[in-house]
$ cat query_35.cif   # mmCIF, C-alpha atoms
data_protein
loop_
_atom_site.label_atom_id
_atom_site.label_comp_id
_atom_site.auth_asym_id
_atom_site.auth_seq_id
_atom_site.Cartn_x
_atom_site.Cartn_y
_atom_site.Cartn_z
CA MET A 1 -5.09 11.07 17.05
CA LYS A 2 -5.08 9.61 13.59
CA ALA A 3 -6.74 6.33 12.71
CA ASN A 4 -3.61 4.34 11.89
CA ARG A 5 -3.46 2.13 8.78
CA MET A 6 -1.90 -1.24 9.43
CA ALA A 7 -0.10 -2.76 6.42
CA TRP A 8 0.92 -6.41 6.05
CA ALA A 9 4.27 -6.94 4.34
CA GLY A 10 4.05 -8.95 1.15
CA LEU A 11 0.29 -8.49 0.66
CA VAL A 12 -1.70 -6.46 -1.79
CA CYS A 13 -5.36 -5.47 -1.80
CA LEU A 14 -5.66 -4.78 1.90
CA LEU A 15 -8.71 -2.69 2.54
CA ALA A 16 -8.88 1.12 2.61
CA ALA A 17 -9.96 2.99 5.71
CA ALA A 18 -13.55 4.18 5.65
CA ALA A 19 -13.87 7.93 5.06
CA VAL A 20 -15.59 9.94 7.74
CA SER A 21 -18.24 12.34 6.52
CA CYS A 22 -17.89 15.95 7.57
CA ASP A 23 -21.59 16.75 7.73
CA THR A 24 -22.80 14.19 10.25
CA ARG A 25 -23.65 16.81 12.83
CA SER A 26 -26.60 18.06 10.82
CA GLY A 27 -28.47 14.79 11.28
CA ALA A 28 -27.89 14.26 14.98
CA SER A 29 -30.90 13.60 17.18
CA SER A 30 -31.60 14.70 20.72
CA ALA A 31 -30.19 12.69 23.61
CA PRO A 32 -32.52 10.92 26.05
CA SER A 33 -33.93 13.24 28.70
CA GLY A 34 -34.01 12.54 32.42
CA THR A 35 -36.90 13.30 34.76
CA PRO A 36 -35.99 14.72 38.22
CA SER A 37 -37.77 13.25 41.21
CA SER A 38 -40.66 15.36 42.46
CA ALA A 39 -39.64 14.56 46.03
CA ALA A 40 -36.23 16.25 45.71
CA SER A 41 -35.66 19.68 47.17
CA PRO A 42 -35.35 22.62 44.70
CA SER A 43 -31.64 23.03 45.45
CA SER A 44 -30.89 19.40 44.54
CA LEU A 45 -32.87 19.28 41.30
CA ALA A 46 -30.87 18.55 38.14
CA PRO A 47 -31.52 21.07 35.37
CA SER A 48 -34.39 20.08 33.10
CA SER A 49 -32.60 21.53 30.07
CA CYS A 50 -29.32 23.16 29.22
CA ALA A 51 -28.75 25.14 26.02
CA LYS A 52 -25.31 26.53 26.89
CA GLY A 53 -22.72 25.94 29.54
CA THR A 54 -19.23 24.82 30.56
CA PHE A 55 -18.15 21.17 30.29
CA HIS A 56 -15.97 19.52 32.92
CA TRP A 57 -14.70 16.18 31.65
CA GLY A 58 -14.16 13.13 33.82
CA LYS A 59 -12.59 10.03 32.28
CA VAL A 60 -11.98 10.27 28.54
CA SER A 61 -10.75 7.21 26.62
CA ASP A 62 -10.00 6.69 22.93
CA SER A 63 -9.00 3.23 21.76
CA PRO A 64 -9.44 0.95 18.72
CA LYS A 65 -11.83 -1.95 19.25
CA THR A 66 -12.64 -4.99 17.15
CA ILE A 67 -16.14 -4.90 15.70
CA ALA A 68 -15.88 -7.76 13.18
CA VAL A 69 -13.65 -10.70 12.24
CA SER A 70 -13.61 -12.90 9.17
CA GLN A 71 -13.70 -16.66 8.93
CA LEU A 72 -10.41 -18.47 8.45
CA VAL A 73 -9.30 -18.86 4.84
CA ARG A 74 -6.88 -21.68 4.18
CA VAL A 75 -4.47 -21.53 1.24
CA LYS A 76 -3.07 -24.97 0.40
CA ALA A 77 0.61 -25.66 -0.01
CA GLY A 78 2.19 -25.29 -3.44
CA LYS A 79 0.83 -21.84 -4.30
CA ASP A 80 2.89 -18.67 -4.61
CA SER A 81 -0.17 -16.39 -4.67
CA ALA A 82 -3.87 -16.63 -3.94
CA LYS A 83 -7.02 -14.55 -4.30
CA VAL A 84 -9.46 -15.12 -1.43
CA THR A 85 -12.81 -13.81 -0.19
CA PHE A 86 -13.31 -12.94 3.47
CA ARG A 87 -16.79 -12.96 5.02
CA PHE A 88 -17.20 -11.04 8.27
CA ALA A 89 -19.14 -11.77 11.44
CA PRO A 90 -19.90 -9.06 14.04
CA VAL A 91 -18.06 -9.15 17.37
CA ARG A 92 -19.51 -6.10 19.14
CA SER A 93 -21.91 -3.27 18.36
CA VAL A 94 -20.71 0.32 18.73
CA VAL A 95 -23.45 2.97 18.59
CA ALA A 96 -22.87 6.67 19.27
CA HIS A 97 -25.12 7.95 22.07
CA VAL A 98 -25.41 10.46 24.89
CA GLU A 99 -26.84 9.79 28.36
CA ALA A 100 -27.56 12.72 30.69
CA SER A 101 -29.47 13.64 33.85
CA GLY A 102 -31.37 16.34 31.94
CA GLU A 103 -32.07 17.54 28.43
CA VAL A 104 -28.99 18.59 26.47
CA SER A 105 -28.30 18.89 22.76
CA ASP A 106 -26.23 15.91 21.64
CA LYS A 107 -24.62 18.19 19.03
CA MET A 108 -23.37 20.43 21.84
CA VAL A 109 -21.91 17.41 23.65
CA TYR A 110 -20.15 16.04 20.56
CA ARG A 111 -18.74 19.42 19.58
CA ALA A 112 -17.40 19.90 23.10
CA LEU A 113 -15.86 16.42 23.02
CA GLU A 114 -14.21 17.07 19.64
CA LYS A 115 -12.77 20.25 21.10
CA ARG A 116 -11.54 18.34 24.15
CA LEU A 117 -9.77 15.78 21.92
CA ASP A 118 -7.03 16.39 19.37
CA MET A 119 -8.99 14.97 16.45
CA ASP A 120 -6.47 15.97 13.77
CA GLY A 121 -9.17 16.57 11.17
CA TRP A 122 -11.43 13.64 12.07
CA LEU A 123 -15.04 14.14 13.15
CA LEU A 124 -16.97 11.95 15.56
CA TRP A 125 -20.03 10.11 14.35
CA HIS A 126 -23.04 11.45 16.24
CA ASN A 127 -26.06 10.17 18.11
CA GLY A 128 -27.59 6.91 16.87
CA LYS A 129 -24.92 6.16 14.23
CA ALA A 130 -23.69 2.56 14.42
CA ALA A 131 -20.23 1.47 13.27
CA PRO A 132 -20.77 -0.55 10.06
CA VAL A 133 -19.84 -4.23 9.82
CA PRO A 134 -18.43 -5.19 6.40
CA GLY A 135 -20.10 -8.01 4.49
CA LYS A 136 -17.33 -9.56 2.42
CA GLN A 137 -13.99 -8.40 1.06
CA GLU A 138 -11.54 -9.79 -1.46
CA ALA A 139 -7.76 -9.81 -1.08
CA THR A 140 -4.82 -11.11 -3.10
CA PHE A 141 -1.82 -12.53 -1.27
CA LEU A 142 1.63 -12.75 -2.84
CA ASP A 143 4.97 -14.34 -1.89
CA LEU A 144 3.40 -17.35 -0.17
CA GLU A 145 6.48 -19.43 -1.00
CA GLY A 146 4.39 -22.54 -1.54
CA ARG A 147 3.56 -22.99 2.14
CA SER A 148 0.14 -23.71 3.57
CA ARG A 149 -1.31 -20.64 5.34
CA GLN A 150 -4.47 -19.73 7.25
CA PHE A 151 -5.54 -16.10 7.00
CA LEU A 152 -8.12 -13.87 8.65
CA GLU A 153 -9.11 -10.22 8.46
CA VAL A 154 -9.99 -8.02 11.43
CA HIS A 155 -12.05 -4.81 11.26
CA GLY A 156 -12.20 -2.16 13.97
CA VAL A 157 -13.00 1.48 14.73
CA HIS A 158 -11.74 4.01 17.26
CA VAL A 159 -14.20 4.19 20.16
CA VAL A 160 -14.36 7.29 22.38
CA GLU A 161 -16.04 7.11 25.81
CA ALA A 162 -16.24 10.04 28.21
CA SER A 163 -18.10 11.23 31.31
CA PHE A 164 -18.89 14.88 31.97
CA ALA A 165 -20.51 17.50 34.18
CA LEU A 166 -22.15 20.50 32.54
CA ASP A 167 -22.57 23.83 34.36
CA CYS A 168 -25.56 25.48 32.70
CA ALA A 169 -25.13 29.13 31.82
CA THR A 170 -28.58 29.84 30.34
CA GLY A 171 -32.10 28.50 30.40
CA SER A 172 -34.22 27.06 33.19
CA GLY A 173 -31.30 25.14 34.68
CA ALA A 174 -28.91 28.09 34.93
CA SER A 175 -29.02 28.33 38.73
CA ALA A 176 -29.56 24.63 39.44
CA ALA A 177 -27.11 21.81 40.08
CA PRO A 178 -24.83 20.72 37.21
CA LEU A 179 -26.08 18.27 34.62
CA TYR A 180 -24.17 14.97 34.57
CA GLY A 181 -23.77 12.41 31.82
CA SER A 182 -21.65 10.30 29.52
CA VAL A 183 -21.08 10.03 25.78
CA THR A 184 -20.00 7.25 23.45
CA ALA A 185 -18.75 8.04 19.95
CA TRP A 186 -16.58 6.49 17.26
CA TYR A 187 -14.53 7.48 14.24
CA GLY A 188 -12.25 6.12 11.56
CA SER A 189 -11.71 2.53 10.47
CA ASP A 190 -8.79 0.13 10.89
CA GLU A 191 -8.36 -3.18 9.08
CA ALA A 192 -5.56 -5.71 9.02
CA GLY A 193 -4.72 -9.16 7.73
CA LEU A 194 -3.39 -11.78 10.15
CA VAL A 195 -1.99 -15.27 9.63
CA CYS A 196 -2.43 -18.01 12.21
CA GLY A 197 0.89 -19.16 13.61
CA VAL A 198 2.50 -15.75 13.19
CA GLU A 199 2.27 -13.53 16.26
CA PRO A 200 0.38 -10.30 15.46
CA ALA A 201 1.67 -6.83 16.16
CA LYS A 202 1.44 -5.88 19.81
CA LYS A 203 -1.91 -4.16 19.56
CA ARG A 204 -4.67 -5.30 21.90
CA TRP A 205 -7.43 -5.36 19.32
CA PHE A 206 -5.29 -7.38 16.89
CA ARG A 207 -4.55 -9.89 19.63
CA GLU A 208 -8.23 -10.22 20.51
CA ALA A 209 -9.11 -11.29 16.96
CA TYR A 210 -6.08 -13.59 16.70
CA ASP A 211 -6.92 -15.40 19.94
CA MET A 212 -10.59 -15.79 19.03
CA VAL A 213 -10.20 -17.06 15.46
CA CYS A 214 -6.85 -18.81 15.38
CA ALA A 215 -7.59 -20.86 18.51
CA GLY A 216 -9.76 -23.09 16.34
CA ALA A 217 -7.30 -23.31 13.45
CA ARG A 218 -6.18 -26.72 12.29
CA SER A 219 -2.49 -27.27 11.66
#
$ encode --input "query_35.cif" --output "structure tokens"
Amino acid sequence: MKANRMAWAGLVCLLAAAAVSCDTRSGASSAPSGTPSSAASPSSLAPSSCAKGTFHWGKVSDSPKTIAVSQLVRVKAGKDSAKVTFRFAPVRSVVAHVEASGEVSDKMVYRALEKRLDMDGWLLWHNGKAAPVPGKQEATFLDLEGRSRQFLEVHGVHVVEASFALDCATGSGASAAPLYGSVTAWYGSDEAGLVCGVEPAKKRWFREAYDMVCAGARS
């Protein structure tokens, strides 16, 4: 699954995809730990910790989501080219995290998820890492043909969400019930330029930004 680059015909200076560091695993922190109820019977207790085991994945999704959009930039009629500055506002926060019914290394969860997915060389950002929102970007538009245009930029990342059960093979939870949990991660970066009045490509996250920003555009 590659983070696709969307190009806009006739434009230059569209923004480059953010590079994903290959050493993010070393800084990952532990996931939140759960506390089993003292009233539960020993056979129903979730493992208090799990250092090694077998993952069984439930629902796994991987989709691009909008995290920021720019304000509208209007280029007046009579210009064949224009250099503009986009300033971004956040739409949603995406933070990598693990939730589980017992203690488990978040690094173990992310490595297992990367193995489950066909990452094609990409690595997932790990626990606590938030997808960055750009501040401002500059772009130069060509071939405007003298017509008035209203432009916006959209910024997104690929968001991975998955649920899992973990059969513990070692440690205090080895003979107990499986550990259950979910994980949220993200990778890559996608950016694209849109123009109000021109239908965007049929991608859900493009359409979301177009509907939000261009709905208030003046003709």
$ closest_residue --input "query_35.cif" --among "A:Glu114, A:Asp106, A:Asp167, A:Glu191" --to "Trp205 of chain A" --atoms "all atoms listed in the file"
A:Glu191
$ atom_distance --input "query_35.cif" --atom1 "atom CA of Leu144 of chain A" --atom2 "atom CA of Lys76 of chain A"
10.0 Å
$ resolve_selection --input "query_35.cif" --expression "the PyMOL selection byres ((chain A and resi 99) around 12)" --output "number ranges by chain"
A: 30-34, 96-98, 100-106, 109, 127-128, 161-165, 179-185
$ resolve_selection --input "query_35.cif" --expression "the PyMOL selection byres ((chain A and resi 132) around 9)" --output "MDAnalysis selection string"
chainID A and resid 67 93:94 129:131 133:134
$ write_last_selection --input "query_35.cif" --atoms "C-alpha atoms" --output "short mmCIF file (atom, residue, chain, number, x, y, z; two decimals), keeping the file's coordinate frame"
data_model
loop_
_atom_site.label_atom_id
_atom_site.label_comp_id
_atom_site.auth_asym_id
_atom_site.auth_seq_id
_atom_site.Cartn_x
_atom_site.Cartn_y
_atom_site.Cartn_z
CA ILE A 67 -16.14 -4.90 15.70
CA SER A 93 -21.91 -3.27 18.36
CA VAL A 94 -20.71 0.32 18.73
CA LYS A 129 -24.92 6.16 14.23
CA ALA A 130 -23.69 2.56 14.42
CA ALA A 131 -20.23 1.47 13.27
CA VAL A 133 -19.84 -4.23 9.82
CA PRO A 134 -18.43 -5.19 6.40
#
$ resolve_selection --input "query_35.cif" --expression "the PyMOL selection byres ((chain A and resi 203) around 12)" --output "MDAnalysis selection string"
chainID A and resid 4 6 63:66 156 190 192 199:202 204:210
$ residues_around --input "query_35.cif" --residues "Gly78 of chain A" --least-positions-apart "2" --cutoff "10 Å" --atoms "all atoms listed in the file" --output "ChimeraX atom specification"
/A:75-76,80-81,144-148
$ closest_atom_pairs --input "query_35.cif" --of "segment 84-199 of chain A" --to "segment 68-74 of chain A" --cutoff "10 Å" --atoms "all atoms listed in the file" --output "tab-separated table"
residue	atom	partner	partner_atom	distance
A:Val84	CA	A:Val73	CA	7.3
A:Thr85	CA	A:Val73	CA	7.9
A:Phe86	CA	A:Ser70	CA	5.7
A:Arg87	CA	A:Ser70	CA	5.2
A:Phe88	CA	A:Ser70	CA	4.1
A:Ala89	CA	A:Ala68	CA	5.5
A:Pro90	CA	A:Ala68	CA	4.3
A:Val91	CA	A:Ala68	CA	4.9
A:Arg92	CA	A:Ala68	CA	7.2
A:Ser93	CA	A:Ala68	CA	9.1
A:Pro132	CA	A:Ala68	CA	9.3
A:Val133	CA	A:Ala68	CA	6.3
A:Pro134	CA	A:Ala68	CA	7.7
A:Gly135	CA	A:Ser70	CA	9.4
A:Lys136	CA	A:Ser70	CA	8.4
A:Gln137	CA	A:Ser70	CA	9.3
A:Ser148	CA	A:Arg74	CA	7.3
A:Arg149	CA	A:Arg74	CA	5.8
A:Gln150	CA	A:Arg74	CA	4.4
A:Phe151	CA	A:Val73	CA	5.1
A:Leu152	CA	A:Leu72	CA	5.1
A:Glu153	CA	A:Ser70	CA	5.3
A:Val154	CA	A:Val69	CA	4.6
A:His155	CA	A:Ala68	CA	5.2
A:Gly156	CA	A:Ala68	CA	6.7
A:Val157	CA	A:Ala68	CA	9.8
A:Glu191	CA	A:Ala68	CA	9.7
A:Gly193	CA	A:Ser70	CA	9.8
A:Leu194	CA	A:Leu72	CA	9.8
A:Val195	CA	A:Leu72	CA	9.1
A:Cys196	CA	A:Leu72	CA	8.8
$ closest_residue --input "query_35.cif" --among "A:Val198, A:Ala177, A:Leu142, A:Ala51" --to "Lys83 of chain A" --atoms "all atoms listed in the file"
A:Leu142
$ atom_distance --input "query_35.cif" --atom1 "atom CA of Thr54 of chain A" --atom2 "atom CA of Arg116 of chain A"
11.9 Å
$ closest_residue --input "query_35.cif" --among "A:Met108, A:Val95, A:Gly121, A:Leu166" --to "Trp186 of chain A" --atoms "all atoms listed in the file"
A:Val95
$ atom_distance --input "query_35.cif" --atom1 "atom CA of Asp62 of chain A" --atom2 "atom CA of Lys115 of chain A"
14.0 Å
$ closest_residue --input "query_35.cif" --among "A:Tyr110, A:Asp143, A:Asp118, A:Leu123" --to "Tyr187 of chain A" --atoms "only C-alpha atoms"
A:Leu123
$ closest_residue --input "query_35.cif" --among "A:Val213, A:Ala139, A:Val159, A:Ala82" --to "Leu124 of chain A" --atoms "all atoms listed in the file"
A:Val159
